[in-house]
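Data file: my_file-v3.cif. Format and content: mmCIF, C-alpha atoms.
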```cif
data_data
#
loop_
_atom_site.label_atom_id
_atom_site.label_comp_id
_atom_site.auth_asym_id
_atom_site.auth_seq_id
_atom_site.Cartn_x
_atom_site.Cartn_y
_atom_site.Cartn_z
CA MET F 33 33.64 2.64 10.57
CA LEU F 34 30.45 3.78 8.97
CA THR F 35 27.06 2.08 9.23
CA PHE F 36 25.68 1.55 5.75
CA GLU F 37 21.96 0.83 5.45
CA LEU F 38 20.12 0.08 2.27
CA VAL F 39 16.36 0.48 2.54
CA SER F 40 13.78 -0.29 -0.13
CA PRO F 41 10.13 0.74 0.24
CA GLU F 42 9.31 -2.87 1.02
CA ARG F 43 11.96 -3.59 3.64
CA LEU F 44 15.44 -3.03 5.06
CA LEU F 45 17.71 -4.83 2.61
CA LEU F 46 21.15 -4.46 4.12
CA SER F 47 22.85 -3.09 7.19
CA VAL F 48 26.64 -3.43 7.32
CA GLN F 49 29.76 -1.73 8.61
CA ALA F 50 31.69 -0.05 5.82
CA SER F 51 34.96 1.81 5.54
CA GLN F 52 33.99 3.61 2.35
CA VAL F 53 30.95 3.86 0.13
CA SER F 54 30.90 5.26 -3.42
CA LEU F 55 27.57 6.53 -4.69
CA PRO F 56 26.14 7.78 -7.98
CA GLY F 57 25.00 11.24 -6.83
CA ALA F 58 22.56 13.22 -8.94
CA GLU F 59 25.27 15.81 -9.62
CA GLY F 60 28.23 13.43 -9.87
CA ASP F 61 29.73 10.42 -8.17
CA MET F 62 30.70 10.82 -4.57
CA GLY F 63 32.44 8.89 -1.85
CA VAL F 64 31.42 8.80 1.78
CA LEU F 65 33.97 8.04 4.49
CA PRO F 66 33.48 7.80 8.25
CA GLY F 67 33.18 11.27 9.77
CA HIS F 68 31.40 12.77 6.76
CA ALA F 69 29.41 15.95 7.40
CA PRO F 70 25.61 15.55 7.59
CA MET F 71 24.19 15.50 4.10
CA ILE F 72 20.98 14.81 2.20
CA ALA F 73 21.37 14.07 -1.49
CA SER F 74 19.56 12.39 -4.32
CA LEU F 75 20.92 9.61 -6.51
CA ARG F 76 20.68 8.87 -10.20
CA PRO F 77 20.41 5.27 -11.42
CA GLY F 78 23.81 3.61 -11.06
CA VAL F 79 25.99 1.43 -8.92
CA ILE F 80 26.83 1.78 -5.24
CA GLU F 81 30.16 0.30 -4.20
CA VAL F 82 30.67 -0.66 -0.60
CA GLU F 83 34.04 -1.41 0.99
CA GLY F 84 33.87 -3.04 4.36
CA GLU F 85 32.40 -6.09 6.04
CA ILE F 86 30.40 -7.29 3.10
CA ASP F 87 30.52 -10.29 0.76
CA ALA F 88 32.28 -9.57 -2.51
CA ASP F 89 29.23 -10.46 -4.60
CA GLU F 90 27.01 -8.05 -2.68
CA ALA F 91 29.48 -5.17 -2.58
CA ARG F 92 28.36 -3.66 -5.89
CA ILE F 93 24.68 -2.81 -5.86
CA PHE F 94 22.60 -1.36 -8.66
CA VAL F 95 20.03 1.24 -7.61
CA GLY F 96 17.36 2.76 -9.80
CA GLY F 97 17.64 6.18 -8.18
CA GLY F 98 16.96 7.20 -4.61
CA VAL F 99 17.87 9.50 -1.75
CA ILE F 100 20.63 9.29 0.83
CA GLU F 101 21.04 10.70 4.28
CA VAL F 102 24.40 10.93 6.03
CA ALA F 103 24.41 11.74 9.73
CA GLN F 104 26.72 10.70 12.53
CA ASP F 105 28.61 7.95 10.71
CA ARG F 106 25.41 6.50 9.40
CA LEU F 107 24.68 6.37 5.72
CA VAL F 108 21.10 5.51 4.83
CA VAL F 109 20.20 4.88 1.21
CA LEU F 110 16.50 5.00 0.37
CA ALA F 111 16.40 3.22 -2.98
CA ASP F 112 13.37 2.56 -5.18
CA GLU F 113 14.94 -0.53 -6.51
CA ALA F 114 18.15 -2.27 -5.50
CA LEU F 115 19.83 -5.40 -6.80
CA PRO F 116 23.38 -6.74 -6.38
CA VAL F 117 25.22 -6.37 -9.68
CA SER F 118 26.28 -10.02 -9.44
CA GLN F 119 22.63 -11.02 -9.85
CA LEU F 120 22.24 -9.16 -13.12
CA ASP F 121 22.46 -11.43 -16.11
CA ARG F 122 23.76 -9.97 -19.37
CA ALA F 123 22.10 -12.35 -21.81
CA GLY F 124 18.71 -12.09 -20.12
CA LEU F 125 18.92 -8.30 -20.11
CA ASP F 126 19.81 -8.18 -23.80
CA GLN F 127 16.80 -10.32 -24.55
CA ARG F 128 14.55 -8.02 -22.52
CA ILE F 129 15.97 -4.93 -24.23
CA GLN F 130 15.17 -6.53 -27.56
CA ASN F 131 11.60 -7.23 -26.41
CA THR F 132 11.15 -3.71 -25.10
CA ARG F 133 12.36 -2.23 -28.42
CA GLU F 134 9.68 -4.26 -30.16
CA ASP F 135 7.12 -3.03 -27.61
CA ILE F 136 8.02 0.55 -28.45
CA GLU F 137 7.46 -0.10 -32.16
CA ASP F 138 4.18 -1.89 -31.51
CA ALA F 139 2.91 0.67 -28.99
CA LYS F 140 -0.65 1.70 -29.81
CA ASP F 141 -0.78 5.02 -27.95
CA ASP F 142 1.57 7.55 -26.44
CA GLU F 143 1.12 6.27 -22.94
CA ALA F 144 2.16 2.72 -23.80
CA ARG F 145 5.12 4.01 -25.76
CA LEU F 146 6.30 6.25 -22.91
CA LYS F 147 6.07 3.34 -20.50
CA ALA F 148 8.07 1.08 -22.80
CA GLU F 149 10.66 3.78 -23.34
CA ALA F 150 11.06 4.26 -19.60
CA ARG F 151 11.57 0.51 -19.31
CA LEU F 152 14.18 0.55 -22.06
CA GLN F 153 16.08 3.39 -20.38
CA HIS F 154 16.01 1.43 -17.18
CA LEU F 155 17.31 -1.75 -18.80
CA GLN F 156 20.09 0.17 -20.49
CA ASP F 157 21.11 1.60 -17.11
CA LEU F 158 21.32 -1.95 -15.81
CA VAL F 159 23.51 -3.02 -18.72
CA ALA F 160 25.77 -0.02 -18.15
CA ALA F 161 26.06 -1.13 -14.53
CA ILE F 162 27.44 -4.50 -15.55
CA GLY F 163 29.71 -3.30 -18.32
CA MET U 235 -44.39 -27.62 11.23
CA PRO U 236 -41.32 -28.52 9.12
CA SER U 237 -40.84 -32.20 8.48
CA LEU U 238 -37.94 -34.11 9.95
CA LYS U 239 -36.30 -34.44 6.57
CA ASP U 240 -36.39 -30.65 5.98
CA LEU U 241 -34.79 -30.06 9.34
CA ARG U 242 -32.06 -32.60 8.67
CA ASN U 243 -31.28 -30.92 5.35
CA ARG U 244 -31.09 -27.49 6.95
CA ILE U 245 -28.72 -28.72 9.64
CA THR U 246 -26.36 -30.24 7.05
CA SER U 247 -26.38 -27.06 4.98
CA VAL U 248 -25.62 -24.83 7.96
CA LYS U 249 -22.85 -27.22 8.94
CA SER U 250 -21.17 -26.92 5.56
CA THR U 251 -21.50 -23.14 5.67
CA GLN U 252 -19.79 -23.22 9.04
CA LYS U 253 -16.93 -25.25 7.58
CA ILE U 254 -16.42 -22.63 4.89
CA THR U 255 -16.47 -19.68 7.27
CA ARG U 256 -14.08 -21.44 9.61
CA ALA U 257 -11.65 -22.11 6.77
CA MET U 258 -11.88 -18.50 5.61
CA GLN U 259 -11.18 -17.31 9.11
CA MET U 260 -8.03 -19.39 9.32
CA VAL U 261 -6.83 -18.27 5.90
CA SER U 262 -7.35 -14.64 6.90
CA ALA U 263 -5.45 -15.16 10.12
CA ALA U 264 -2.45 -16.44 8.17
CA LYS U 265 -2.72 -13.63 5.61
CA LEU U 266 -3.08 -11.06 8.37
CA ARG U 267 0.20 -12.12 9.90
CA ARG U 268 1.94 -11.72 6.56
CA ALA U 269 0.31 -8.36 5.90
CA GLN U 270 1.31 -7.09 9.31
CA GLU U 271 4.88 -8.22 8.72
CA SER U 272 5.17 -6.38 5.43
CA ALA U 273 3.63 -3.26 6.98
CA GLU U 274 6.23 -3.50 9.73
CA GLN U 275 9.10 -3.98 7.27
CA ALA U 276 8.05 -1.02 5.18
CA ARG U 277 8.16 1.31 8.15
CA PRO U 278 11.90 2.27 8.10
CA TYR U 279 11.60 3.66 4.58
CA SER U 280 8.49 5.73 5.13
CA GLU U 281 9.70 7.07 8.46
CA ARG U 282 13.02 8.18 7.05
CA MET U 283 11.35 9.60 3.98
CA SER U 284 9.03 11.82 5.98
CA ARG U 285 11.88 12.92 8.22
CA LEU U 286 14.07 13.85 5.25
CA LEU U 287 11.18 15.63 3.64
CA SER U 288 10.40 17.77 6.66
CA SER U 289 14.10 18.50 7.16
CA VAL U 290 14.48 19.72 3.60
CA ALA U 291 11.19 21.62 3.68
CA ALA U 292 12.12 23.35 6.92
CA ASN U 293 15.38 24.54 5.37
CA LEU U 294 13.80 25.86 2.26
CA PRO U 295 14.95 29.48 1.87
CA SER U 296 11.49 30.62 0.76
CA LEU U 297 8.25 29.07 -0.39
CA GLU U 298 8.64 30.86 -3.69
CA GLY U 299 9.63 28.37 -6.35
CA ALA U 300 8.70 25.46 -4.12
CA PRO U 301 7.11 22.62 -6.06
CA PRO U 302 3.32 23.01 -6.45
CA LEU U 303 2.92 19.46 -5.15
CA MET U 304 3.95 20.87 -1.79
CA VAL U 305 2.35 24.29 -1.71
CA GLY U 306 -0.65 23.59 -3.93
CA THR U 307 -1.93 25.57 -6.88
CA GLY U 308 -3.25 28.37 -4.72
CA ASN U 309 -6.77 27.14 -5.41
CA ASP U 310 -8.95 24.57 -3.76
CA GLN U 311 -11.77 24.39 -6.28
CA VAL U 312 -11.33 20.88 -7.65
CA HIS U 313 -10.79 18.00 -5.26
CA LEU U 314 -9.53 14.56 -6.15
CA VAL U 315 -10.43 11.83 -3.69
CA ILE U 316 -8.58 8.51 -3.86
CA VAL U 317 -10.77 5.78 -2.39
CA MET U 318 -9.12 2.56 -1.32
CA THR U 319 -11.25 -0.53 -0.77
CA ALA U 320 -10.76 -4.28 -0.88
CA GLU U 321 -10.93 -6.57 -3.87
CA ARG U 322 -13.23 -9.02 -2.15
CA GLY U 323 -16.20 -8.88 0.13
CA LEU U 324 -17.14 -10.99 3.13
CA CYS U 325 -15.14 -8.78 5.43
CA GLY U 326 -17.81 -7.17 7.58
CA ALA U 327 -18.31 -3.43 7.32
CA PHE U 328 -14.82 -2.92 5.89
CA ASN U 329 -15.86 -1.71 2.44
CA THR U 330 -19.11 -0.06 3.50
CA GLN U 331 -17.24 2.07 6.01
CA VAL U 332 -15.03 3.48 3.28
CA THR U 333 -17.79 4.05 0.76
CA ARG U 334 -20.09 5.65 3.33
CA ARG U 335 -17.32 8.04 4.37
CA THR U 336 -16.66 8.79 0.71
CA ARG U 337 -20.29 9.67 0.05
CA ARG U 338 -20.28 12.00 3.03
CA HIS U 339 -16.99 13.56 1.94
CA VAL U 340 -18.29 14.17 -1.57
CA LYS U 341 -21.47 15.69 -0.21
CA GLU U 342 -19.59 17.99 2.16
CA LEU U 343 -17.32 19.20 -0.61
CA ARG U 344 -20.23 19.74 -2.99
CA ASP U 345 -22.16 21.64 -0.34
CA ALA U 346 -19.13 23.88 -0.01
CA GLY U 347 -19.36 24.54 -3.75
CA LYS U 348 -16.33 22.46 -4.74
CA GLN U 349 -15.96 20.13 -7.67
CA VAL U 350 -15.08 16.52 -6.83
CA LYS U 351 -13.39 13.77 -8.81
CA LEU U 352 -12.85 10.22 -7.64
CA LEU U 353 -10.08 7.73 -8.26
CA LEU U 354 -10.98 4.26 -7.06
CA ILE U 355 -8.55 1.60 -5.96
CA GLY U 356 -10.13 -1.79 -5.35
CA LYS U 357 -13.07 -3.57 -6.95
CA LYS U 358 -15.57 -3.30 -4.10
CA GLY U 359 -15.48 0.48 -4.02
CA ASN U 360 -16.02 0.53 -7.76
CA ASP U 361 -19.02 -1.80 -7.47
CA SER U 362 -20.77 0.40 -4.96
CA LEU U 363 -19.75 3.92 -5.97
CA ARG U 364 -20.01 3.46 -9.73
CA ARG U 365 -23.81 3.60 -9.56
CA ASP U 366 -24.03 7.06 -8.01
CA PHE U 367 -20.83 8.73 -9.15
CA ASP U 368 -20.15 7.31 -12.59
CA ASP U 369 -19.70 10.79 -14.08
CA ILE U 370 -17.02 11.92 -11.63
CA ILE U 371 -14.92 8.76 -11.47
CA ILE U 372 -11.79 9.54 -13.45
CA ASP U 373 -10.09 6.19 -13.04
CA TYR U 374 -10.46 2.77 -11.49
CA VAL U 375 -7.47 0.67 -10.52
CA THR U 376 -7.87 -2.94 -9.55
CA LEU U 377 -5.28 -4.71 -7.48
CA ARG U 378 -6.75 -8.10 -8.21
CA GLU U 379 -3.73 -9.49 -10.01
CA MET U 380 -1.48 -8.83 -7.04
CA ARG U 381 -1.02 -11.15 -4.13
CA ALA U 382 0.60 -8.52 -1.93
CA PRO U 383 0.84 -4.73 -2.28
CA SER U 384 3.88 -3.82 -4.37
CA TYR U 385 5.71 -0.54 -4.35
CA ALA U 386 5.96 -0.60 -8.13
CA ARG U 387 2.16 -0.53 -8.38
CA ALA U 388 1.88 2.24 -5.78
CA ASN U 389 4.45 4.20 -7.73
CA GLU U 390 2.47 3.81 -10.96
CA ILE U 391 -0.64 5.18 -9.26
CA ALA U 392 1.36 8.04 -7.74
CA GLN U 393 2.88 8.95 -11.11
CA ASP U 394 -0.56 8.93 -12.67
CA VAL U 395 -1.94 11.22 -9.96
CA ILE U 396 1.05 13.55 -10.23
CA GLY U 397 0.64 13.64 -14.00
CA ARG U 398 -3.00 14.63 -13.64
CA PHE U 399 -2.05 17.28 -11.11
CA GLY U 400 0.59 18.54 -13.52
CA VAL U 401 -1.98 19.24 -16.22
CA GLY U 402 -4.27 20.96 -13.72
CA GLU U 403 -7.01 18.36 -13.40
CA PHE U 404 -7.39 19.08 -9.67
CA ASP U 405 -6.07 21.30 -6.86
CA VAL U 406 -6.33 19.17 -3.74
CA CYS U 407 -5.86 15.43 -3.35
CA THR U 408 -6.95 13.32 -0.41
CA ILE U 409 -6.95 9.59 0.17
CA ILE U 410 -9.54 7.61 2.14
CA PHE U 411 -8.53 4.20 3.44
CA ASN U 412 -8.92 1.85 6.38
CA ALA U 413 -5.89 1.65 8.63
CA PHE U 414 -5.10 -1.34 10.77
CA LYS U 415 -5.62 -0.49 14.42
CA SER U 416 -6.08 -3.88 16.04
CA VAL U 417 -7.49 -7.23 15.01
CA ILE U 418 -10.98 -6.18 16.00
CA SER U 419 -10.97 -2.59 14.88
CA GLN U 420 -10.02 -0.57 11.83
CA GLU U 421 -9.53 3.12 11.77
CA LEU U 422 -10.87 5.11 8.86
CA ASN U 423 -8.25 7.57 7.66
CA VAL U 424 -8.77 10.63 5.52
CA GLN U 425 -5.36 11.93 4.62
CA GLN U 426 -4.40 14.87 2.47
CA LEU U 427 -1.66 14.19 -0.08
CA ILE U 428 -1.57 17.33 -2.22
CA PRO U 429 -0.73 19.98 -1.14
CA LEU U 430 1.53 18.33 1.37
CA PRO U 431 0.18 19.00 4.87
CA THR U 432 2.74 20.85 6.98
CA GLY U 433 3.33 20.48 10.66
CA ASP U 434 2.12 16.88 10.62
CA GLU U 435 5.03 15.23 12.34
CA GLY U 436 3.17 12.60 14.27
CA ASP U 437 4.72 9.38 13.06
CA GLU U 438 8.24 10.54 12.45
CA ALA U 439 11.27 8.85 13.88
CA ALA U 440 13.31 11.10 16.14
CA ALA U 441 15.83 13.07 14.13
CA PRO U 442 19.44 12.11 14.82
CA ASP U 443 21.40 14.54 16.95
CA LEU U 444 23.78 16.32 14.64
CA GLY U 445 25.74 18.00 17.41
CA GLY U 446 24.92 21.46 16.11
CA ALA U 447 25.89 20.66 12.53
CA ILE U 448 23.47 21.24 9.69
CA TYR U 449 22.74 19.15 6.63
CA GLU U 450 24.37 19.82 3.32
CA TYR U 451 21.99 19.42 0.42
CA GLU U 452 22.88 18.14 -2.99
CA PRO U 453 21.34 19.26 -5.29
CA GLU U 454 19.97 22.42 -3.66
CA GLU U 455 16.82 22.31 -1.52
CA THR U 456 14.23 23.18 -4.16
CA GLU U 457 15.49 20.60 -6.63
CA LEU U 458 15.83 18.00 -3.93
CA LEU U 459 12.25 18.62 -2.88
CA ALA U 460 11.07 18.21 -6.43
CA ASP U 461 12.68 14.78 -6.34
CA LEU U 462 11.53 13.85 -2.83
CA ILE U 463 7.87 14.79 -3.03
CA PRO U 464 6.84 12.42 -5.82
CA ARG U 465 8.67 9.65 -3.99
CA ASN U 466 6.83 10.57 -0.84
CA MET U 467 3.51 10.37 -2.71
CA ALA U 468 4.32 6.85 -3.82
CA VAL U 469 5.36 5.92 -0.30
CA GLN U 470 2.16 7.31 1.19
CA ILE U 471 0.03 5.39 -1.29
CA PHE U 472 2.06 2.26 -0.69
CA LYS U 473 1.62 2.70 3.04
CA ALA U 474 -2.12 3.09 2.58
CA MET U 475 -2.18 -0.12 0.51
CA LEU U 476 -0.34 -2.04 3.20
CA GLU U 477 -2.52 -0.66 5.98
CA SER U 478 -5.66 -1.34 4.04
CA GLY U 479 -4.48 -4.86 3.25
CA ALA U 480 -3.81 -5.70 6.87
CA ALA U 481 -7.07 -4.08 7.98
CA GLU U 482 -9.00 -6.08 5.38
CA GLN U 483 -7.64 -9.38 6.61
CA ALA U 484 -8.32 -8.42 10.21
CA ALA U 485 -11.88 -7.40 9.33
CA ARG U 486 -12.47 -10.63 7.45
CA MET U 487 -11.06 -12.67 10.28
CA THR U 488 -13.43 -11.04 12.78
CA ALA U 489 -16.39 -11.28 10.43
CA MET U 490 -15.76 -14.96 9.73
CA ASP U 491 -15.26 -15.67 13.40
CA ASN U 492 -18.68 -14.18 14.08
CA ALA U 493 -20.20 -16.11 11.20
CA THR U 494 -18.75 -19.38 12.50
CA ARG U 495 -20.17 -18.69 15.93
CA ASN U 496 -23.59 -17.77 14.52
CA ALA U 497 -23.63 -20.95 12.47
CA GLY U 498 -22.84 -22.90 15.63
CA ASP U 499 -25.78 -21.25 17.45
CA MET U 500 -28.05 -21.99 14.56
CA ILE U 501 -27.02 -25.64 14.46
CA ASP U 502 -27.79 -25.91 18.20
CA ARG U 503 -31.23 -24.34 17.73
CA LEU U 504 -32.07 -26.51 14.75
CA THR U 505 -30.93 -29.69 16.51
CA LEU U 506 -33.15 -28.85 19.47
CA LEU U 507 -36.10 -28.24 17.17
CA TYR U 508 -35.35 -31.48 15.31
CA ASN U 509 -35.33 -33.52 18.52
CA ARG U 510 -38.53 -31.89 19.78
CA THR U 511 -40.30 -32.54 16.51
CA ARG U 512 -39.19 -36.17 16.54
CA GLN U 513 -40.40 -36.60 20.13
CA ALA U 514 -43.72 -34.89 19.31
CA MET U 515 -44.32 -37.33 16.46
CA ILE U 516 -43.60 -40.34 18.65
CA THR U 517 -45.96 -39.02 21.33
CA LYS U 518 -48.65 -38.36 18.73
CA GLU U 519 -48.41 -41.92 17.38
CA LEU U 520 -48.58 -43.37 20.90
CA ILE U 521 -51.67 -41.31 21.69
CA GLU U 522 -53.30 -42.52 18.49
CA ILE U 523 -52.60 -46.17 19.37
CA VAL U 524 -53.78 -45.77 22.97
CA SER U 525 -57.00 -43.93 22.05
CA GLY U 526 -57.62 -46.49 19.29
CA ALA U 527 -57.35 -49.31 21.85
CA ASP U 528 -59.66 -47.39 24.28
CA ALA U 529 -62.36 -47.08 21.61
CA LEU U 530 -62.64 -50.80 21.19
#
```

Do you think you could lay out the structure here as structure tokens?
Amino acid sequence: MLTFELVSPERLLLSVQASQVSLPGAEGDMGVLPGHAPMIASLRPGVIEVEGEIDADEARIFVGGGVIEVAQDRLVVLADEALPVSQLDRAGLDQRIQNTREDIEDAKDDEARLKAEARLQHLQDLVAAIG
Amino acid sequence: MPSLKDLRNRITSVKSTQKITRAMQMVSAAKLRRAQESAEQARPYSERMSRLLSSVAANLPSLEGAPPLMVGTGNDQVHLVIVMTAERGLCGAFNTQVTRRTRRHVKELRDAGKQVKLLLIGKKGNDSLRRDFDDIIIDYVTLREMRAPSYARANEIAQDVIGRFGVGEFDVCTIIFNAFKSVISQELNVQQLIPLPTGDEGDEAAAPDLGGAIYEYEPEETELLADLIPRNMAVQIFKAMLESGAAEQAARMTAMDNATRNAGDMIDRLTLLYNRTRQAMITKELIEIVSGADAL
């Protein structure tokens, strides 16, 4: 088995035993099995899937990018933002996307527009994670 | 000599002040516990981050092409100093310590012929430094709206700083903040953020034993570093926020404890004076009666 740890800047979110973990690597999706060679890699926004001793509704986790370290059957994910996919709510997200689009149109300066666009991109990643 | 009524009024007013300071002390004690907990919980991330960073940096084939955030611009003419203070006062020398150190830092850099810019985090620093350094303060961030430090906010600040570095606004970036040492003492930290100090491996967790194997990197080291370093910036700022938050509560707790004790002393002194005055008046009246009777 492989120890899977999910760490956010605020705290340790999850530590479970897993038989396989699929990750959205920066250069393509990858799977990590027990006995994987030591590796440091960065992640793009996407969904992590964990197979092992974990509740079904927590097994798919959205991350907004991050870094992973694999060493000695230990997989540590340092994620900026992490949320179980089951907690994402389609209707609420659609509403927020709509709002953000309006923000982009109403933006007074470049800075506000860039911020709103980043938020939109982020929300669309979340929707893609559910779909 | 103050009248009895004046004394009574003063005693009541000191008593209500004492009630306030005692309440503030207890609130700070509760907040301190929470702040310490969140600082504790944030540790795994920052420890791993700095370990990964030094592992990748150590394996970098050459410093050529390394991100400027790590190696610097090759200059050290313009310095950016991030100053972190509290949002509120009544916490002893907490804020003064930081601003005094900042003034000294600015003076030292100016004496060395450097140019200095300031970025202020926290209202108290702004209140006191704005007067002297208005022309070199490039931004002021208040954390008032937040109940606890959030990583998202730290990340925003980090992105802003990195953006400014990107357009060449400064060459070196340092951060000044109070770190939590113990309930009765804070430690003033001056930490360099850009370029990334090398060889500083003090608070790292021990690297896992790889049994002779070496890490694979994906993407390659330089790209990975370009991704890691901004994250590390945000983590360092977040860490400073947490430390400063805990230190602030500890400082306030100590300051309010002292204030409560001083108020207690003052109440004792005033009560003694009140009783003496009362006795003196009684004695005076008696003497007047007795000498009046003698005169007859």

- When the cut-off is 8 Å and we count only C-alpha atoms, which residues of chain U are near chain F, given as a list in words? Ser272, Gln275, Ala276, Arg277, Pro278, Tyr279, Ser280, Met283, Leu286, Ser384, Tyr385, Pro442, Asp443, Leu444, Ala447, Ile448, Tyr449, Glu450, Tyr451, Glu452, Pro453, Leu458, Asp461, Leu462 and Val469 of chain U

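Among the candidates F:Leu120, F:Ala114, F:Leu65, F:Ile86, the residue lying nearest to F:Leu34 is F:Leu65 (atoms considered: only C-alpha atoms).
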
Next item on the list: Just give me the residues with any atom within 10 Å of (20.9, -4.9, -20.3), file coordinates, counting all atoms listed in the file, written as a PyMOL selection string.
Entry: chain F and resi 120-130+152-163

File dump, residues just selected, C-alpha atoms, as a PDB file, in the frame of the given file:
```pdb
ATOM      1  CA  LEU F 120      22.240  -9.160 -13.120  1.00  0.00           C
ATOM      2  CA  ASP F 121      22.460 -11.430 -16.110  1.00  0.00           C
ATOM      3  CA  ARG F 122      23.760  -9.970 -19.370  1.00  0.00           C
ATOM      4  CA  ALA F 123      22.100 -12.350 -21.810  1.00  0.00           C
ATOM      5  CA  GLY F 124      18.710 -12.090 -20.120  1.00  0.00           C
ATOM      6  CA  LEU F 125      18.920  -8.300 -20.110  1.00  0.00           C
ATOM      7  CA  ASP F 126      19.810  -8.180 -23.800  1.00  0.00           C
ATOM      8  CA  GLN F 127      16.800 -10.320 -24.550  1.00  0.00           C
ATOM      9  CA  ARG F 128      14.550  -8.020 -22.520  1.00  0.00           C
ATOM     10  CA  ILE F 129      15.970  -4.930 -24.230  1.00  0.00           C
ATOM     11  CA  GLN F 130      15.170  -6.530 -27.560  1.00  0.00           C
ATOM     12  CA  LEU F 152      14.180   0.550 -22.060  1.00  0.00           C
ATOM     13  CA  GLN F 153      16.080   3.390 -20.380  1.00  0.00           C
ATOM     14  CA  HIS F 154      16.010   1.430 -17.180  1.00  0.00           C
ATOM     15  CA  LEU F 155      17.310  -1.750 -18.800  1.00  0.00           C
ATOM     16  CA  GLN F 156      20.090   0.170 -20.490  1.00  0.00           C
ATOM     17  CA  ASP F 157      21.110   1.600 -17.110  1.00  0.00           C
ATOM     18  CA  LEU F 158      21.320  -1.950 -15.810  1.00  0.00           C
ATOM     19  CA  VAL F 159      23.510  -3.020 -18.720  1.00  0.00           C
ATOM     20  CA  ALA F 160      25.770  -0.020 -18.150  1.00  0.00           C
ATOM     21  CA  ALA F 161      26.060  -1.130 -14.530  1.00  0.00           C
ATOM     22  CA  ILE F 162      27.440  -4.500 -15.550  1.00  0.00           C
ATOM     23  CA  GLY F 163      29.710  -3.300 -18.320  1.00  0.00           C
TER      24      GLY F 163
END
```

The distance between atom CA of U:Lys357 and atom CA of U:Glu421 is 20.2 Å

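Residues with any atom within 7 Å of stretch 395-412 of chain U, counting only C-alpha atoms and excluding same-chain neighbours fewer than 5 positions away, are U:Gly306, U:Thr307, U:Asn309, U:Asp310, U:Gln311, U:Val312, U:His313, U:Leu314, U:Val315, U:Ile316, U:Val317, U:Met318, U:Thr319, U:Val332, U:Gln420, U:Glu421, U:Leu422, U:Asn423, U:Val424, U:Gln425, U:Gln426, U:Leu427, U:Ile428, U:Pro429, U:Ala474, U:Glu477, U:Ser478, U:Ala481.
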
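As for atom CA of U:Leu354 and atom CA of U:Leu324, they are spaced 19.3 Å apart.
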
Exactly which residues make up the result of the PyMOL selection byres ((chain U and resi 238-254) around 12) on this file, given as a PDB file with C-alpha atoms, keeping the file's coordinate frame?
```pdb
ATOM      1  CA  MET U 235     -44.390 -27.620  11.230  1.00  0.00           C
ATOM      2  CA  PRO U 236     -41.320 -28.520   9.120  1.00  0.00           C
ATOM      3  CA  SER U 237     -40.840 -32.200   8.480  1.00  0.00           C
ATOM      4  CA  THR U 255     -16.470 -19.680   7.270  1.00  0.00           C
ATOM      5  CA  ARG U 256     -14.080 -21.440   9.610  1.00  0.00           C
ATOM      6  CA  ALA U 257     -11.650 -22.110   6.770  1.00  0.00           C
ATOM      7  CA  MET U 258     -11.880 -18.500   5.610  1.00  0.00           C
ATOM      8  CA  GLN U 259     -11.180 -17.310   9.110  1.00  0.00           C
ATOM      9  CA  MET U 260      -8.030 -19.390   9.320  1.00  0.00           C
ATOM     10  CA  VAL U 261      -6.830 -18.270   5.900  1.00  0.00           C
ATOM     11  CA  LEU U 324     -17.140 -10.990   3.130  1.00  0.00           C
ATOM     12  CA  MET U 490     -15.760 -14.960   9.730  1.00  0.00           C
ATOM     13  CA  ASP U 491     -15.260 -15.670  13.400  1.00  0.00           C
ATOM     14  CA  ASN U 492     -18.680 -14.180  14.080  1.00  0.00           C
ATOM     15  CA  ALA U 493     -20.200 -16.110  11.200  1.00  0.00           C
ATOM     16  CA  THR U 494     -18.750 -19.380  12.500  1.00  0.00           C
ATOM     17  CA  ARG U 495     -20.170 -18.690  15.930  1.00  0.00           C
ATOM     18  CA  ASN U 496     -23.590 -17.770  14.520  1.00  0.00           C
ATOM     19  CA  ALA U 497     -23.630 -20.950  12.470  1.00  0.00           C
ATOM     20  CA  GLY U 498     -22.840 -22.900  15.630  1.00  0.00           C
ATOM     21  CA  ASP U 499     -25.780 -21.250  17.450  1.00  0.00           C
ATOM     22  CA  MET U 500     -28.050 -21.990  14.560  1.00  0.00           C
ATOM     23  CA  ILE U 501     -27.020 -25.640  14.460  1.00  0.00           C
ATOM     24  CA  ASP U 502     -27.790 -25.910  18.200  1.00  0.00           C
ATOM     25  CA  ARG U 503     -31.230 -24.340  17.730  1.00  0.00           C
ATOM     26  CA  LEU U 504     -32.070 -26.510  14.750  1.00  0.00           C
ATOM     27  CA  THR U 505     -30.930 -29.690  16.510  1.00  0.00           C
ATOM     28  CA  LEU U 506     -33.150 -28.850  19.470  1.00  0.00           C
ATOM     29  CA  LEU U 507     -36.100 -28.240  17.170  1.00  0.00           C
ATOM     30  CA  TYR U 508     -35.350 -31.480  15.310  1.00  0.00           C
ATOM     31  CA  ASN U 509     -35.330 -33.520  18.520  1.00  0.00           C
ATOM     32  CA  ARG U 510     -38.530 -31.890  19.780  1.00  0.00           C
ATOM     33  CA  THR U 511     -40.300 -32.540  16.510  1.00  0.00           C
ATOM     34  CA  ARG U 512     -39.190 -36.170  16.540  1.00  0.00           C
ATOM     35  CA  GLN U 513     -40.400 -36.600  20.130  1.00  0.00           C
ATOM     36  CA  ALA U 514     -43.720 -34.890  19.310  1.00  0.00           C
ATOM     37  CA  MET U 515     -44.320 -37.330  16.460  1.00  0.00           C
TER      38      MET U 515
END
```
